[in-house]
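**Q** This is the content of coords22.cif (mmCIF, C-alpha atoms):
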```cif
data_my_file
loop_
_atom_site.label_atom_id
_atom_site.label_comp_id
_atom_site.auth_asym_id
_atom_site.auth_seq_id
_atom_site.Cartn_x
_atom_site.Cartn_y
_atom_site.Cartn_z
CA MET Q 1 35.31 24.65 81.01
CA LEU Q 2 39.07 24.07 81.29
CA ASP Q 3 39.01 21.56 78.46
CA SER Q 4 37.23 24.05 76.19
CA LEU Q 5 39.74 26.80 77.02
CA LEU Q 6 42.68 24.51 76.18
CA ALA Q 7 41.02 22.83 73.20
CA LEU Q 8 42.37 25.41 70.77
CA GLY Q 9 46.02 26.25 70.41
CA GLY Q 10 47.33 29.78 70.34
CA LEU Q 11 46.88 32.64 72.77
CA VAL Q 12 44.37 32.48 75.64
CA LEU Q 13 43.90 35.98 77.06
CA LEU Q 14 42.69 36.18 80.68
CA ARG Q 15 41.34 39.69 81.38
CA ASP Q 16 40.92 40.34 85.08
CA SER Q 17 40.33 43.39 87.26
CA VAL Q 18 40.98 44.56 90.80
CA GLU Q 19 37.68 43.11 91.97
CA TRP Q 20 37.98 39.81 90.11
CA GLU Q 21 41.58 38.56 89.99
CA GLY Q 22 42.63 36.04 87.36
CA ARG Q 23 45.75 34.39 88.79
CA GLY Q 24 43.65 31.64 90.37
CA LEU Q 25 42.13 30.73 87.01
CA LEU Q 26 45.60 30.92 85.42
CA LYS Q 27 46.94 28.40 87.95
CA ALA Q 28 43.91 26.17 87.39
CA LEU Q 29 44.67 26.09 83.66
CA ILE Q 30 48.34 25.38 84.41
CA LYS Q 31 47.36 22.47 86.64
CA LYS Q 32 45.10 21.09 83.92
CA SER Q 33 47.91 21.27 81.35
CA ALA Q 34 50.40 19.63 83.70
CA LEU Q 35 48.01 16.75 84.49
CA ARG Q 36 47.61 16.16 80.76
CA GLY Q 37 51.34 15.50 80.54
CA GLU Q 38 52.36 18.81 79.00
CA GLN Q 39 55.47 20.70 79.95
CA VAL Q 40 54.53 24.09 81.42
CA HIS Q 41 56.85 27.09 81.10
CA VAL Q 42 55.98 29.91 83.50
CA LEU Q 43 57.36 33.41 83.01
CA GLY Q 44 56.94 34.84 86.51
CA CYS Q 45 57.13 38.62 86.81
CA GLU Q 46 54.74 39.69 89.60
CA VAL Q 47 55.10 37.10 92.37
CA SER Q 48 57.97 34.99 93.63
CA GLU Q 49 58.47 31.41 92.56
CA GLU Q 50 57.67 30.12 96.03
CA GLU Q 51 54.36 31.97 96.11
CA PHE Q 52 53.43 30.83 92.62
CA ARG Q 53 54.16 27.17 93.30
CA GLU Q 54 52.23 27.25 96.57
CA GLY Q 55 49.09 25.11 96.36
CA PHE Q 56 50.34 22.79 93.62
CA ASP Q 57 51.14 19.19 94.48
CA SER Q 58 54.46 17.57 93.63
CA CYS Q 59 53.13 16.06 90.41
CA VAL Q 60 52.25 19.50 89.02
CA ASN Q 61 55.37 21.25 90.36
CA SER Q 62 57.58 18.65 88.73
CA ARG Q 63 56.31 19.66 85.29
CA LEU Q 64 56.73 23.41 85.87
CA ILE Q 65 59.76 25.19 84.42
CA TYR Q 66 59.81 28.55 86.19
CA TYR Q 67 61.66 31.58 84.82
CA ASP Q 68 61.99 33.96 87.75
CA LEU Q 69 61.92 37.58 86.60
CA PHE Q 70 60.41 38.77 89.87
CA ARG Q 71 63.64 38.61 91.87
CA ASP Q 72 65.79 40.58 89.41
CA PRO Q 73 63.55 42.01 86.66
CA LEU Q 74 66.13 44.46 85.26
CA SER Q 75 69.21 42.14 85.51
CA TRP Q 76 70.99 44.28 88.09
CA SER Q 77 72.36 41.42 90.19
CA LYS Q 78 74.94 40.23 87.62
CA THR Q 79 75.10 36.88 89.41
CA GLY Q 80 74.46 34.76 86.36
CA GLU Q 81 70.91 33.95 87.42
CA ALA Q 82 69.38 36.70 85.34
CA PHE Q 83 68.44 36.34 81.70
CA PRO Q 84 70.75 38.44 79.50
CA GLU Q 85 68.28 38.63 76.59
CA GLY Q 86 65.40 39.69 78.78
CA PRO Q 87 61.85 38.28 78.94
CA LEU Q 88 61.39 38.15 75.17
CA GLY Q 89 64.65 36.24 74.85
CA VAL Q 90 63.28 33.69 77.32
CA LEU Q 91 60.16 33.25 75.20
CA ARG Q 92 62.22 32.80 72.04
CA ALA Q 93 64.35 30.21 73.83
CA ILE Q 94 61.21 28.31 74.77
CA CYS Q 95 60.26 28.21 71.10
CA ARG Q 96 63.68 26.75 70.23
CA ARG Q 97 63.45 23.99 72.81
CA ALA Q 98 64.36 20.46 71.81
CA ASP Q 99 61.23 18.77 73.15
CA PRO Q 100 58.75 18.51 70.24
CA GLY Q 101 55.74 17.66 72.40
CA PRO Q 102 52.83 19.96 73.31
CA ALA Q 103 53.59 22.75 75.75
CA THR Q 104 51.91 25.51 77.71
CA ILE Q 105 53.51 28.93 78.21
CA ALA Q 106 52.07 31.01 81.06
CA LEU Q 107 52.78 34.74 81.26
CA ASP Q 108 52.30 36.13 84.77
CA SER Q 109 51.66 38.71 83.75
CA LEU Q 110 51.27 40.05 80.26
CA SER Q 111 50.59 43.49 81.74
CA TRP Q 112 54.06 43.54 83.32
CA LEU Q 113 55.65 42.83 79.94
CA LEU Q 114 53.63 45.57 78.25
CA LEU Q 115 54.57 48.11 80.92
CA HIS Q 116 58.32 47.39 80.64
CA LEU Q 117 58.80 46.47 76.97
CA PRO Q 118 57.71 47.99 73.63
CA CYS Q 119 54.20 46.98 72.70
CA THR Q 120 55.16 46.06 69.12
CA ALA Q 121 57.91 43.69 70.30
CA VAL Q 122 55.56 41.96 72.75
CA CYS Q 123 52.81 41.58 70.14
CA GLN Q 124 55.24 40.20 67.55
CA THR Q 125 56.53 37.65 70.04
CA LEU Q 126 53.00 36.62 71.01
CA HIS Q 127 52.12 36.20 67.35
CA ALA Q 128 55.20 34.04 66.80
CA LEU Q 129 54.39 31.91 69.83
CA SER Q 130 50.72 31.36 69.02
CA HIS Q 131 50.69 31.18 65.20
CA GLN Q 132 53.95 29.47 64.26
CA ASN Q 133 55.31 26.06 65.11
CA SER Q 134 58.93 27.21 65.15
CA TYR Q 135 61.19 30.04 64.22
CA PRO Q 136 62.98 29.99 60.85
CA GLY Q 137 65.95 27.65 60.91
CA ASP Q 138 64.62 25.60 63.82
CA SER Q 139 64.65 21.90 63.03
CA SER Q 140 62.42 20.84 65.94
CA PRO Q 141 58.91 22.26 65.56
CA VAL Q 142 56.75 22.70 68.61
CA LYS Q 143 53.39 20.94 68.50
CA GLN Q 144 50.25 22.59 69.91
CA VAL Q 145 51.50 25.52 71.96
CA HIS Q 146 49.09 27.13 74.41
CA VAL Q 147 50.01 30.63 75.55
CA LEU Q 148 48.19 31.80 78.68
CA GLY Q 149 48.46 35.56 79.14
CA LEU Q 150 47.16 37.23 82.29
CA LEU Q 151 46.14 40.82 81.52
CA HIS Q 152 45.17 43.40 84.13
CA GLU Q 153 42.70 45.25 81.96
CA GLU Q 154 42.44 48.36 84.15
CA LEU Q 155 46.13 49.18 83.56
CA HIS Q 156 45.75 49.59 79.79
CA GLY Q 157 43.75 51.67 77.40
CA PRO Q 158 41.04 50.30 75.11
CA GLY Q 159 43.30 50.54 72.06
CA LEU Q 160 45.94 48.20 73.46
CA VAL Q 161 43.31 45.77 74.75
CA GLY Q 162 41.75 45.71 71.28
CA VAL Q 163 45.11 44.93 69.66
CA LEU Q 164 45.69 42.02 72.04
CA SER Q 165 42.16 40.75 71.47
CA SER Q 166 42.84 40.55 67.74
CA LEU Q 167 45.78 38.21 68.42
CA THR Q 168 43.84 35.76 70.60
CA GLN Q 169 42.08 32.53 69.75
CA THR Q 170 40.31 32.41 73.14
CA GLU Q 171 39.46 35.42 75.28
CA VAL Q 172 38.23 35.20 78.88
CA ILE Q 173 36.72 38.22 80.63
CA LEU Q 174 36.43 37.68 84.37
CA GLY Q 175 33.55 39.20 86.27
CA GLY Q 176 30.95 38.21 88.78
CA LEU Q 177 27.83 39.00 90.73
CA MET Q 178 26.95 38.71 94.41
CA GLY Q 179 30.42 37.37 95.24
CA GLN Q 180 30.27 34.62 92.63
CA ALA Q 181 32.88 34.67 89.85
CA SER Q 182 31.99 34.29 86.18
CA ALA Q 183 33.96 33.88 82.98
CA HIS Q 184 32.68 35.23 79.67
CA VAL Q 185 34.58 33.24 77.05
CA LEU Q 186 34.93 34.18 73.38
CA PHE Q 187 36.17 31.44 71.03
CA ARG Q 188 37.59 32.35 67.62
CA LYS Q 189 37.93 29.32 65.35
CA PRO Q 190 39.42 29.51 61.83
CA GLN Q 191 36.80 30.13 59.12
CA GLN Q 192 33.98 30.07 61.67
CA ARG Q 193 31.93 32.68 63.44
CA PRO Q 194 33.00 33.53 67.01
CA THR Q 195 31.09 31.72 69.74
CA TYR Q 196 30.37 32.89 73.28
CA GLN Q 197 30.02 30.98 76.54
CA THR Q 198 29.42 32.12 80.12
CA SER Q 199 30.41 29.95 83.09
CA TRP Q 200 30.06 30.51 86.84
CA PHE Q 201 32.80 28.95 88.92
CA SER Q 202 34.89 28.98 92.06
CA ILE Q 203 38.57 28.06 92.56
CA LEU Q 204 39.22 25.37 95.17
CA PRO Q 205 42.34 25.48 97.42
CA ASP Q 206 44.09 22.88 95.23
CA PHE Q 207 43.33 25.03 92.15
CA SER Q 208 40.64 22.75 90.82
CA LEU Q 209 37.69 24.40 89.16
CA ASP Q 210 34.22 23.99 90.65
CA LEU Q 211 31.54 24.89 88.12
CA GLN Q 212 28.39 26.36 89.64
CA GLU Q 213 25.03 27.67 88.57
CA GLY Q 214 24.67 31.37 88.10
CA PRO Q 215 22.63 33.54 90.46
CA PRO Q 216 18.91 33.80 89.70
CA LEU Q 217 17.88 36.43 87.23
CA GLU Q 218 15.74 38.32 89.71
CA SER Q 219 18.78 38.83 91.94
CA GLN Q 220 20.73 40.57 89.20
CA HIS Q 221 18.64 43.74 89.56
CA HIS Q 222 17.65 45.34 92.83
CA PRO Q 223 15.00 48.01 92.20
CA ASP Q 224 14.08 50.18 95.13
CA PRO Q 225 10.39 49.57 95.98
CA HIS Q 226 10.15 53.03 97.56
CA THR Q 227 11.25 54.77 94.37
CA SER Q 228 8.24 55.97 92.38
CA LEU Q 229 8.34 56.02 88.62
CA VAL Q 230 8.40 59.56 87.21
CA ASP Q 231 6.70 60.31 83.91
CA PRO Q 232 9.25 62.24 81.79
CA THR Q 233 6.44 63.91 79.81
CA THR Q 234 4.84 65.57 82.85
CA HIS Q 235 6.35 69.05 82.55
CA LEU Q 236 6.46 69.37 78.76
CA THR Q 237 5.01 72.47 77.09
CA PHE Q 238 3.22 70.32 74.51
CA ASN Q 239 1.08 67.21 74.71
CA LEU Q 240 2.30 63.89 73.30
CA HIS Q 241 -1.04 62.15 73.77
CA LEU Q 242 -4.42 62.82 72.10
CA SER Q 243 -7.83 62.33 73.58
CA LYS Q 244 -10.58 60.53 71.67
CA GLU Q 245 -12.19 63.78 70.53
CA GLU Q 246 -8.85 65.25 69.46
CA ARG Q 247 -7.99 62.12 67.47
CA GLU Q 248 -11.38 62.21 65.67
CA ALA Q 249 -10.93 65.90 64.83
CA LYS Q 250 -7.42 65.17 63.54
CA ASP Q 251 -8.65 62.34 61.32
CA SER Q 252 -11.48 64.41 59.85
CA LEU Q 253 -9.28 67.39 59.00
CA ILE Q 254 -8.50 67.89 55.31
CA LEU Q 255 -5.01 69.22 54.81
CA PRO Q 256 -4.35 71.96 52.20
CA PHE Q 257 -2.29 69.72 49.94
CA GLN Q 258 -4.94 66.99 49.87
CA PHE Q 259 -7.48 67.15 47.00
CA SER Q 260 -10.91 65.77 47.64
CA SER Q 261 -13.05 64.49 44.78
CA GLU Q 262 -15.24 67.62 44.91
CA LYS Q 263 -12.21 69.92 44.73
CA GLN Q 264 -10.81 67.97 41.78
CA GLN Q 265 -14.11 68.34 39.87
CA VAL Q 266 -14.14 72.09 40.48
CA LEU Q 267 -10.58 72.54 39.26
CA LEU Q 268 -10.77 70.24 36.22
CA ARG Q 269 -14.22 71.12 34.90
CA PRO Q 270 -15.13 74.76 34.30
CA ALA Q 271 -18.46 75.97 35.53
CA PRO Q 272 -21.25 76.67 32.99
CA GLY Q 273 -20.89 80.06 31.37
CA GLN Q 274 -17.27 80.43 32.42
CA ALA Q 275 -15.02 81.74 29.66
CA THR Q 276 -12.30 79.43 28.49
CA SER Q 277 -8.93 80.50 27.10
CA HIS Q 278 -6.74 79.02 24.38
CA ILE Q 279 -3.10 79.44 23.47
CA PHE Q 280 -2.16 79.92 19.84
CA TYR Q 281 1.48 79.45 18.92
CA GLU Q 282 3.10 80.26 15.60
CA PRO Q 283 6.77 79.16 15.29
CA ASP Q 284 9.30 81.57 13.87
CA ALA Q 285 12.43 80.95 11.82
CA TYR Q 286 14.69 80.32 14.82
CA ASP Q 287 12.50 77.76 16.56
CA ASP Q 288 13.95 74.23 16.66
CA LEU Q 289 11.35 71.76 15.51
CA ASP Q 290 13.74 68.98 14.48
CA GLN Q 291 13.00 66.07 16.85
CA GLU Q 292 15.99 64.04 15.64
CA ASP Q 293 18.54 66.78 16.35
CA PRO Q 294 17.11 69.16 18.95
CA ASP Q 295 20.46 70.97 19.42
CA ASP Q 296 21.13 71.97 15.80
CA ASP Q 297 20.44 75.63 16.56
CA LEU Q 298 23.31 75.87 19.09
CA ASP Q 299 25.91 76.26 16.30
CA ILE Q 300 28.47 73.99 18.02
#
```
In structure tokens, what does this structure look like?
**A**
Amino acid sequence: MLDSLLALGGLVLLRDSVEWEGRGLLKALIKKSALRGEQVHVLGCEVSEEEFREGFDSCVNSRLIYYDLFRDPLSWSKTGEAFPEGPLGVLRAICRRADPGPATIALDSLSWLLLHLPCTAVCQTLHALSHQNSYPGDSSPVKQVHVLGLLHEELHGPGLVGVLSSLTQTEVILGGLMGQASAHVLFRKPQQRPTYQTSWFSILPDFSLDLQEGPPLESQHHPDPHTSLVDPTTHLTFNLHLSKEEREAKDSLILPFQFSSEKQQVLLRPAPGQATSHIFYEPDAYDDLDQEDPDDDLDI
């Protein structure tokens, strides 16, 4: 599962909720990237650096470059530790880095950035990170950049979530059933139809991913055996069903607009002794009988 999520470059959007948090899966993806030899840049906004690094071994922590925005998010300390250009300036600096190798950029969280910065600026920066190798004038292009964005979906409206979804190459919606977490993954590949995949998993204490089988189908619905089914047509003022006799009477009924063969004979053939009528027409001088120019009498 982790390999498929990191197979494509660009933005990987992790949509979690209060019931099913996504920071564990984010750290599992970070560990996978670090073990592959990539340099991982973490923009930390919601938890401290010590809490975020907790659970990683020394090999993974050595490849993490942590930008701590949690301690002084608004640059009030003026101690030189803050970032004068703000979070977006940090992301642009990551793009201008000298190391040309593959990299992973983790945003913890994208919701924090959207709540504190203009949405257009955040979306433009995400597009630059996930769709371009470098900024104009940069002589050291970045190869294969993965951007992992953790989004708390319940904090945003459907319009903003839809805009972010249009920027992603891989979208992960976290959910679950009966205490077991699931990930519904949408892959968008260039010039191909989107593909879907559902995986059931659990996060181990060392942030390894343990894939599991999903719960049985019969456990996904719990009907109450004491609840009787109610017929919605019981108290109607008309009947939706026909008995056998009513159906036969309906089929044998001749509707007024239907002509039987006997009725056609009566209407088309006059009865013996019945007087017939004829129409005699004599054209006058103003009648138009020219078939080639039927409008010559309009005097146009």
**Q** The PyMOL selection byres ((chain Q and resi 27-42) around 8) - which residues does that actually catch in the file I just gave you? List them as a list in words.
**A**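 Taken on the displayed file, the PyMOL selection byres ((chain Q and resi 27-42) around 8) yields the residues Leu2, Leu6, Arg23, Gly24, Leu25, Leu26, Leu43, Gly44, Phe56, Cys59, Val60, Arg63, Leu64, Ile65, Tyr66, Tyr67, Ile94, Gly101, Pro102, Ala103, Thr104, Ile105, Ala106, Leu107, Asp108, Ile203, Phe207, Ser208 and Leu209 of chain Q.
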**Q** Emit the selected residues as a compact mmCIF listing (two decimals), in the frame of the given file, including C-alpha atoms.
**A**
```
# COMPACT_ATOMS: atom_id res chain seq x y z
CA LEU Q 2 39.07 24.07 81.29
CA LEU Q 6 42.68 24.51 76.18
CA ARG Q 23 45.75 34.39 88.79
CA GLY Q 24 43.65 31.64 90.37
CA LEU Q 25 42.13 30.73 87.01
CA LEU Q 26 45.60 30.92 85.42
CA LEU Q 43 57.36 33.41 83.01
CA GLY Q 44 56.94 34.84 86.51
CA PHE Q 56 50.34 22.79 93.62
CA CYS Q 59 53.13 16.06 90.41
CA VAL Q 60 52.25 19.50 89.02
CA ARG Q 63 56.31 19.66 85.29
CA LEU Q 64 56.73 23.41 85.87
CA ILE Q 65 59.76 25.19 84.42
CA TYR Q 66 59.81 28.55 86.19
CA TYR Q 67 61.66 31.58 84.82
CA ILE Q 94 61.21 28.31 74.77
CA GLY Q 101 55.74 17.66 72.40
CA PRO Q 102 52.83 19.96 73.31
CA ALA Q 103 53.59 22.75 75.75
CA THR Q 104 51.91 25.51 77.71
CA ILE Q 105 53.51 28.93 78.21
CA ALA Q 106 52.07 31.01 81.06
CA LEU Q 107 52.78 34.74 81.26
CA ASP Q 108 52.30 36.13 84.77
CA ILE Q 203 38.57 28.06 92.56
CA PHE Q 207 43.33 25.03 92.15
CA SER Q 208 40.64 22.75 90.82
CA LEU Q 209 37.69 24.40 89.16
```
**Q** Once the PyMOL selection byres ((chain Q and resi 184) around 9) is applied to the coordinates I shared, what remains selected? I want it as a list in words.
**A**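 On the file shown, the PyMOL selection byres ((chain Q and resi 184) around 9) covers Glu171, Val172, Ile173, Leu174, Gly175, Ser182, Ala183, Val185, Leu186, Tyr196, Gln197, Thr198, Ser199 and Trp200 of chain Q.
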**Q** Just give me the gap between CA of Lys189 (chain Q) and CA of Leu126 (chain Q) in Å, one decimal is fine.
**A**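 According to the coordinates, CA of Lys189 (chain Q) and CA of Leu126 (chain Q) are separated by 17.7 Å.
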**Q** Within 7 Å of Ser130 (chain Q), counting only C-alpha atoms, which residues qualify if same-chain residues fewer than 4 places away don't, as a PyMOL selection string?
**A** chain Q and resi 10-11+126+145+147
**Q** With C-alpha atoms retained, could you export that selection as a PDB file, keeping the file's coordinate frame?
**A**
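Final output, selection.pdb:
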```pdb
ATOM      1  CA  GLY Q  10      47.330  29.780  70.340  1.00  0.00           C
ATOM      2  CA  LEU Q  11      46.880  32.640  72.770  1.00  0.00           C
ATOM      3  CA  LEU Q 126      53.000  36.620  71.010  1.00  0.00           C
ATOM      4  CA  VAL Q 145      51.500  25.520  71.960  1.00  0.00           C
ATOM      5  CA  VAL Q 147      50.010  30.630  75.550  1.00  0.00           C
TER       6      VAL Q 147
END
```
**Q** Apply the PyMOL selection byres ((chain Q and resi 190) around 12) to the displayed file and report the matching residues as a PyMOL selection string.
**A** chain Q and resi 8-10+131+168-170+187-189+191-195
**Q** Would you work out the distance separating CA of Asp68 (chain Q) from CA of Pro118 (chain Q), expressed in Å to one decimal?
**A** 20.4 Å
**Q** If you measure from CA of Glu50 (chain Q) to CA of Phe70 (chain Q), what distance in Å do you get, rounded to one decimal?
**A** 11.0 Å
**Q** Measuring atom to atom with only C-alpha atoms, identify which of Q:Ser17, Q:Ser4, Q:Gln264, Q:Ser58 is nearest to Gly176 (chain Q).
**A**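 Closest candidate: Q:Ser17.
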